[in-house]
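Report on the structure given below.
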Amino acid sequence: MVSLQHPATMENLPGEVLVNIFIRLFAKQLAQMRSVSKSWNALLSQSSFVKSHLHRSIHNNDQIILVFYRSSPFTAHPCRFPHLELTNFIKLPVNPRFEYTKSIKVIGAVNGLICFADGDYMIHIWNPSLSAMLTLPPYTIPCNENNSSEIYLRFGFDPKTDDYKVVKLTGLTEPPIYLVNRWLQVEIYSMRRGSWELITARFPSHITNIIDGDCVCADGHDGHLHWLGYIGKTYDSERIVAFDLGSETFREIPLPDSTVDDYRSNDLGVLSRKLCVTSRLLLNEGYEVVSAACTLSQFLTWVMNEYGVVESWVKCHVFSQFIGGSYPFGFTSHNVFVIEEDNRLVLYDPVAEQAKILGPRYSEKSGADKVVEYVDSLVWLTPPECEIVDGA
């Protein structure tokens, strides 16, 4: 019973009741409510509340998919009706220091944070829920008249230190085939620390090229990042290179035996929060299947049930519905297969065996580049002396 002399108000409700109310609100609303009182600010800023709100957002909210293109702005689509576009759903914050190009290069997305590079090679970490953006300090670019270089960037979450990190690999190449002949020291940006640092662990020297084919941003959630690379100069062997964001060390993971085939192209991904490999049957110019024995194995997906244990690779999906130049983008967190087919994206549910068109058809020039699942999130780290742009 509430006393008439002390009527119930939001401010004198028990903490557990407030949490039960707040956790159902959007991150933008909660950010504004932090200014109501010191007690609310303390409650809404607690790491435990931020993580609980994130967990609810990931599992309870209707899924919204962001599609980033190579030469045009990104679009947002509800997963239930992916052919529809959510206009003005979110916008990039305006940064007076530079102008965005028509497109941005997404590096990765974790827990509601999207890491991307702009046309001037500056890297940014963006929380669209809070309209907040952090511009990272410039990274080093090698200067060598006799070599060109390839830079590979990845973004992930380290649960051991509750930190978000950008990993930069730099490989020196030489003509005429431009394979990497030497990997430079690896650099890591820590969002919590607010700076780039060199690490002692070296990227495997026998990897001469990296296949950057995982188009659904699903890597980096569990404290590991992954690259698929070629060994040597003949492209006849592939290897997964894993990086532990906590210990900041590399390890190599062999592919499933049946994916090692001259007639197949492999791409890394995540399925049911486990590392997976989708093997694609290669076709010739006339779209005729190279091997007639493999006509029912257009896409073959393997999952590593126990992380790091080679013997735990298990075949879980065989897709034969998509023939003729289709390209696998990867799996969403809801285990929906994203495929590029005839200049458009398709969402395929392997359980219901249903396909839905994702967004409009696009030109080959503008082409879809990355798919990101939008997550309403309060996650934000404020490194020292950083620049944060508020797009509200």
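Residues are referred to by chain and number: the chain letter is A, B, ... according to the order shown in the structure tokens, the number counts from 1 in that chain, and ligands are numbered separately from 1 in the order shown.
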Exercise. Apply DSSP to the structure's backbone, then extract all residues of stretch 96-261 of chain A labelled strand (DSSP E or B) and return them as an NGL selection string.
Key: :A and (105-110 or 113-117 or 123-127 or 132-135 or 148-158 or 163-174 or 179-183 or 187-190 or 195-198 or 207-211 or 216 or 224-231 or 238-244 or 249-253)
Within 12 Å of stretch 159-167 of chain A, which residues of stretch 6-58 of chain A come that close, and what is the closest atom pair and distance in Å for each? Count only C-alpha atoms and give it as CSV.
```
residue,atom,partner,partner_atom,distance
A:Ser47,CA,A:Asp162,CA,9.6
A:Ser48,CA,A:Asp162,CA,11.7
A:Val50,CA,A:Asp162,CA,11.9
A:Lys51,CA,A:Asp162,CA,10.6
```
Could those residues be written to a file, using all heavy atoms, as a CSV table (one decimal), in the first residue's frame?
```csv
chain,number,residue,atom,x,y,z
A,47,SER,N,27.5,-0.6,-15.5
A,47,SER,CA,27.9,-1.6,-16.6
A,47,SER,C,26.9,-2.7,-16.6
A,47,SER,O,26.5,-3.2,-17.7
A,47,SER,CB,29.3,-2.1,-16.3
A,47,SER,OG,29.6,-3.2,-17.2
A,48,SER,N,26.4,-3.2,-15.5
A,48,SER,CA,25.4,-4.3,-15.4
A,48,SER,C,24.1,-3.9,-16.1
A,48,SER,O,23.5,-4.7,-16.8
A,48,SER,CB,25.1,-4.7,-14.0
A,48,SER,OG,24.6,-3.6,-13.2
A,50,VAL,N,23.8,-1.5,-18.6
A,50,VAL,CA,24.1,-1.4,-20.0
A,50,VAL,C,24.1,-2.8,-20.7
A,50,VAL,O,23.6,-3.0,-21.8
A,50,VAL,CB,25.4,-0.7,-20.2
A,50,VAL,CG1,25.8,-0.7,-21.7
A,50,VAL,CG2,25.3,0.7,-19.7
A,51,LYS,N,24.7,-3.8,-20.0
A,51,LYS,CA,24.8,-5.1,-20.5
A,51,LYS,C,23.4,-5.8,-20.6
A,51,LYS,O,23.1,-6.5,-21.5
A,51,LYS,CB,25.8,-6.0,-19.7
A,51,LYS,CG,27.2,-5.5,-19.9
A,51,LYS,CD,28.2,-6.4,-19.0
A,51,LYS,CE,29.6,-5.9,-19.2
A,51,LYS,NZ,30.5,-6.7,-18.3
```
Quiz item: What is the atom CA of A:Ser57-atom CA of A:Ala132 distance in Å, reported with one decimal?
Solution: 18.2 Å
Exercise. Write out as a ChimeraX atom specification each polymer residue whose atoms come within 8 Å of A:Pro128, counting only C-alpha atoms; drop sequence neighbours fewer than 3 positions from it.
Key: /A:90-92,112-114,131-132
With C-alpha atoms kept, could you save the residues just selected as a PDB file, in the first residue's frame?
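Listing of selection13.pdb after writing:
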```pdb
ATOM      1  CA  ILE A  90      19.235   6.629 -38.643  1.00  0.00           C
ATOM      2  CA  LYS A  91      21.705   9.092 -40.100  1.00  0.00           C
ATOM      3  CA  LEU A  92      25.437   9.549 -39.803  1.00  0.00           C
ATOM      4  CA  GLY A 112      25.525  -1.743 -31.508  1.00  0.00           C
ATOM      5  CA  LEU A 113      28.827  -0.082 -32.414  1.00  0.00           C
ATOM      6  CA  ILE A 114      29.720   0.269 -36.102  1.00  0.00           C
ATOM      7  CA  SER A 131      24.036   9.475 -32.389  1.00  0.00           C
ATOM      8  CA  ALA A 132      27.583   9.438 -31.023  1.00  0.00           C
TER       9      ALA A 132
END
```
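Around A:Trp40, within 10 Å and counting only C-alpha atoms, the residues found are Glu11, Gly15, Leu18, Val19, Phe22, Leu30, Met33, Arg34, Ser35 and Ser45 of chain A, once anything fewer than 5 positions away on its own chain is removed.
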Self-check item: Spatial neighbours of stretch 225-242 of chain A, 9 Å, only C-alpha atoms, chain gap at least 4 places, as a PyMOL selection string
Solution: chain A and resi 154-156+167+177+179+203-204+206-213+219-221+249-255+260-262+266-269+275
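Between atom CA of A:Tyr152 and atom CA of A:Met133 the interatomic distance comes to 21.6 Å.
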Quiz item: Leaving out A:Met191 and any residue of its chain fewer than 2 positions from it, which residues lie within 12 Å of it when counting only C-alpha atoms, given as a PyMOL selection string?
Solution: chain A and resi 113+115+123-126+133-137+155-158+161-167+188-189+193-197+379-386
Next, write the just-selected residues to a file, as a short mmCIF file (atom, residue, chain, number, x, y, z; two decimals), in the first residue's frame, keeping N, CA, C and O atoms as the atom set.
```cif
data_model
loop_
_atom_site.label_atom_id
_atom_site.label_comp_id
_atom_site.auth_asym_id
_atom_site.auth_seq_id
_atom_site.Cartn_x
_atom_site.Cartn_y
_atom_site.Cartn_z
N LEU A 113 27.80 -0.99 -31.93
CA LEU A 113 28.83 -0.08 -32.41
C LEU A 113 29.22 -0.48 -33.83
O LEU A 113 29.44 -1.67 -34.11
N CYS A 115 32.03 0.25 -36.79
CA CYS A 115 33.34 0.82 -37.08
C CYS A 115 33.48 0.94 -38.60
O CYS A 115 33.22 -0.02 -39.33
N ILE A 123 39.32 6.48 -39.51
CA ILE A 123 38.47 5.43 -38.93
C ILE A 123 37.58 6.06 -37.86
O ILE A 123 38.02 6.91 -37.08
N HIS A 124 36.34 5.60 -37.82
CA HIS A 124 35.37 6.11 -36.87
C HIS A 124 34.64 4.95 -36.21
O HIS A 124 34.42 3.91 -36.84
N ILE A 125 34.26 5.14 -34.95
CA ILE A 125 33.39 4.21 -34.25
C ILE A 125 32.11 4.95 -33.93
O ILE A 125 32.13 6.03 -33.31
N TRP A 126 30.98 4.38 -34.36
CA TRP A 126 29.71 5.08 -34.35
C TRP A 126 28.66 4.26 -33.62
O TRP A 126 28.51 3.07 -33.89
N MET A 133 29.68 9.56 -32.19
CA MET A 133 30.74 9.05 -33.05
C MET A 133 32.10 9.46 -32.53
O MET A 133 32.31 10.61 -32.12
N LEU A 134 33.02 8.54 -32.55
CA LEU A 134 34.40 8.76 -32.13
C LEU A 134 35.30 8.66 -33.36
O LEU A 134 35.24 7.67 -34.09
N THR A 135 36.12 9.67 -33.60
CA THR A 135 37.10 9.63 -34.68
C THR A 135 38.45 9.22 -34.11
O THR A 135 38.97 9.88 -33.20
N LEU A 136 38.99 8.13 -34.62
CA LEU A 136 40.25 7.60 -34.10
C LEU A 136 41.42 8.45 -34.60
O LEU A 136 41.35 9.06 -35.67
N PRO A 137 42.51 8.49 -33.83
CA PRO A 137 43.71 9.17 -34.33
C PRO A 137 44.24 8.43 -35.56
O PRO A 137 43.99 7.23 -35.73
N PHE A 155 37.40 -5.13 -36.47
CA PHE A 155 36.87 -4.53 -35.25
C PHE A 155 36.21 -5.61 -34.40
O PHE A 155 35.45 -6.44 -34.93
N GLY A 156 36.53 -5.63 -33.11
CA GLY A 156 35.96 -6.67 -32.26
C GLY A 156 35.88 -6.25 -30.80
O GLY A 156 36.41 -5.20 -30.39
N PHE A 157 35.23 -7.11 -30.01
CA PHE A 157 35.00 -6.87 -28.58
C PHE A 157 35.80 -7.86 -27.77
O PHE A 157 35.79 -9.07 -28.03
N ASP A 158 36.52 -7.33 -26.77
CA ASP A 158 37.29 -8.17 -25.85
C ASP A 158 36.54 -8.27 -24.53
O ASP A 158 36.56 -7.33 -23.73
N THR A 161 38.45 -7.64 -20.97
CA THR A 161 38.74 -6.29 -20.48
C THR A 161 37.59 -5.33 -20.74
O THR A 161 37.71 -4.13 -20.45
N ASP A 162 36.48 -5.84 -21.30
CA ASP A 162 35.32 -5.02 -21.62
C ASP A 162 35.75 -3.85 -22.51
O ASP A 162 35.39 -2.70 -22.27
N ASP A 163 36.50 -4.17 -23.55
CA ASP A 163 37.08 -3.15 -24.43
C ASP A 163 36.75 -3.48 -25.88
O ASP A 163 36.53 -4.64 -26.24
N TYR A 164 36.74 -2.45 -26.71
CA TYR A 164 36.51 -2.60 -28.15
C TYR A 164 37.78 -2.21 -28.87
O TYR A 164 38.37 -1.15 -28.58
N LYS A 165 38.22 -3.05 -29.80
CA LYS A 165 39.53 -2.86 -30.42
C LYS A 165 39.45 -2.93 -31.94
O LYS A 165 38.66 -3.68 -32.50
N VAL A 166 40.30 -2.12 -32.58
CA VAL A 166 40.51 -2.18 -34.02
C VAL A 166 41.89 -2.79 -34.25
O VAL A 166 42.88 -2.32 -33.67
N VAL A 167 41.95 -3.82 -35.08
CA VAL A 167 43.21 -4.50 -35.39
C VAL A 167 43.62 -4.16 -36.81
O VAL A 167 42.82 -4.30 -37.74
N ILE A 188 47.15 -2.08 -32.82
CA ILE A 188 45.82 -2.24 -32.22
C ILE A 188 45.38 -0.92 -31.59
O ILE A 188 46.15 -0.31 -30.83
N TYR A 189 44.16 -0.52 -31.92
CA TYR A 189 43.57 0.63 -31.25
C TYR A 189 42.62 0.12 -30.17
O TYR A 189 41.74 -0.69 -30.44
N ARG A 193 41.57 2.68 -24.04
CA ARG A 193 42.83 3.39 -23.85
C ARG A 193 42.89 4.67 -24.68
O ARG A 193 43.52 5.66 -24.30
N GLY A 194 42.27 4.62 -25.87
CA GLY A 194 42.22 5.80 -26.72
C GLY A 194 43.44 6.04 -27.57
O GLY A 194 43.73 7.17 -27.96
N SER A 195 44.18 4.96 -27.90
CA SER A 195 45.39 5.13 -28.70
C SER A 195 45.74 3.85 -29.44
O SER A 195 45.24 2.77 -29.12
N TRP A 196 46.61 4.00 -30.45
CA TRP A 196 47.16 2.86 -31.18
C TRP A 196 48.43 2.37 -30.48
O TRP A 196 49.20 3.17 -29.97
N GLU A 197 48.62 1.06 -30.48
CA GLU A 197 49.86 0.49 -29.93
C GLU A 197 50.30 -0.68 -30.78
O GLU A 197 49.47 -1.44 -31.31
N VAL A 379 25.94 1.04 -25.26
CA VAL A 379 27.38 0.79 -25.16
C VAL A 379 28.16 1.99 -25.67
O VAL A 379 27.94 2.47 -26.78
N TRP A 380 29.06 2.47 -24.83
CA TRP A 380 29.96 3.55 -25.24
C TRP A 380 31.10 3.65 -24.25
O TRP A 380 30.91 3.59 -23.05
N LEU A 381 32.30 3.77 -24.77
CA LEU A 381 33.48 4.00 -23.95
C LEU A 381 34.05 5.35 -24.33
O LEU A 381 34.13 5.68 -25.52
N THR A 382 34.43 6.13 -23.35
CA THR A 382 34.96 7.45 -23.61
C THR A 382 36.45 7.46 -23.30
O THR A 382 36.85 7.61 -22.14
N PRO A 383 37.27 7.29 -24.33
CA PRO A 383 38.71 7.34 -24.09
C PRO A 383 39.15 8.76 -23.77
O PRO A 383 38.44 9.72 -24.07
N PRO A 384 40.32 8.93 -23.16
CA PRO A 384 40.79 10.27 -22.80
C PRO A 384 41.06 11.12 -24.03
O PRO A 384 41.57 10.64 -25.05
N GLU A 385 40.71 12.39 -23.95
CA GLU A 385 41.02 13.38 -24.98
C GLU A 385 40.53 12.95 -26.35
O GLU A 385 41.25 13.03 -27.35
N CYS A 386 39.30 12.43 -26.41
CA CYS A 386 38.76 12.00 -27.70
C CYS A 386 37.79 13.05 -28.21
O CYS A 386 37.34 13.92 -27.49
#
```
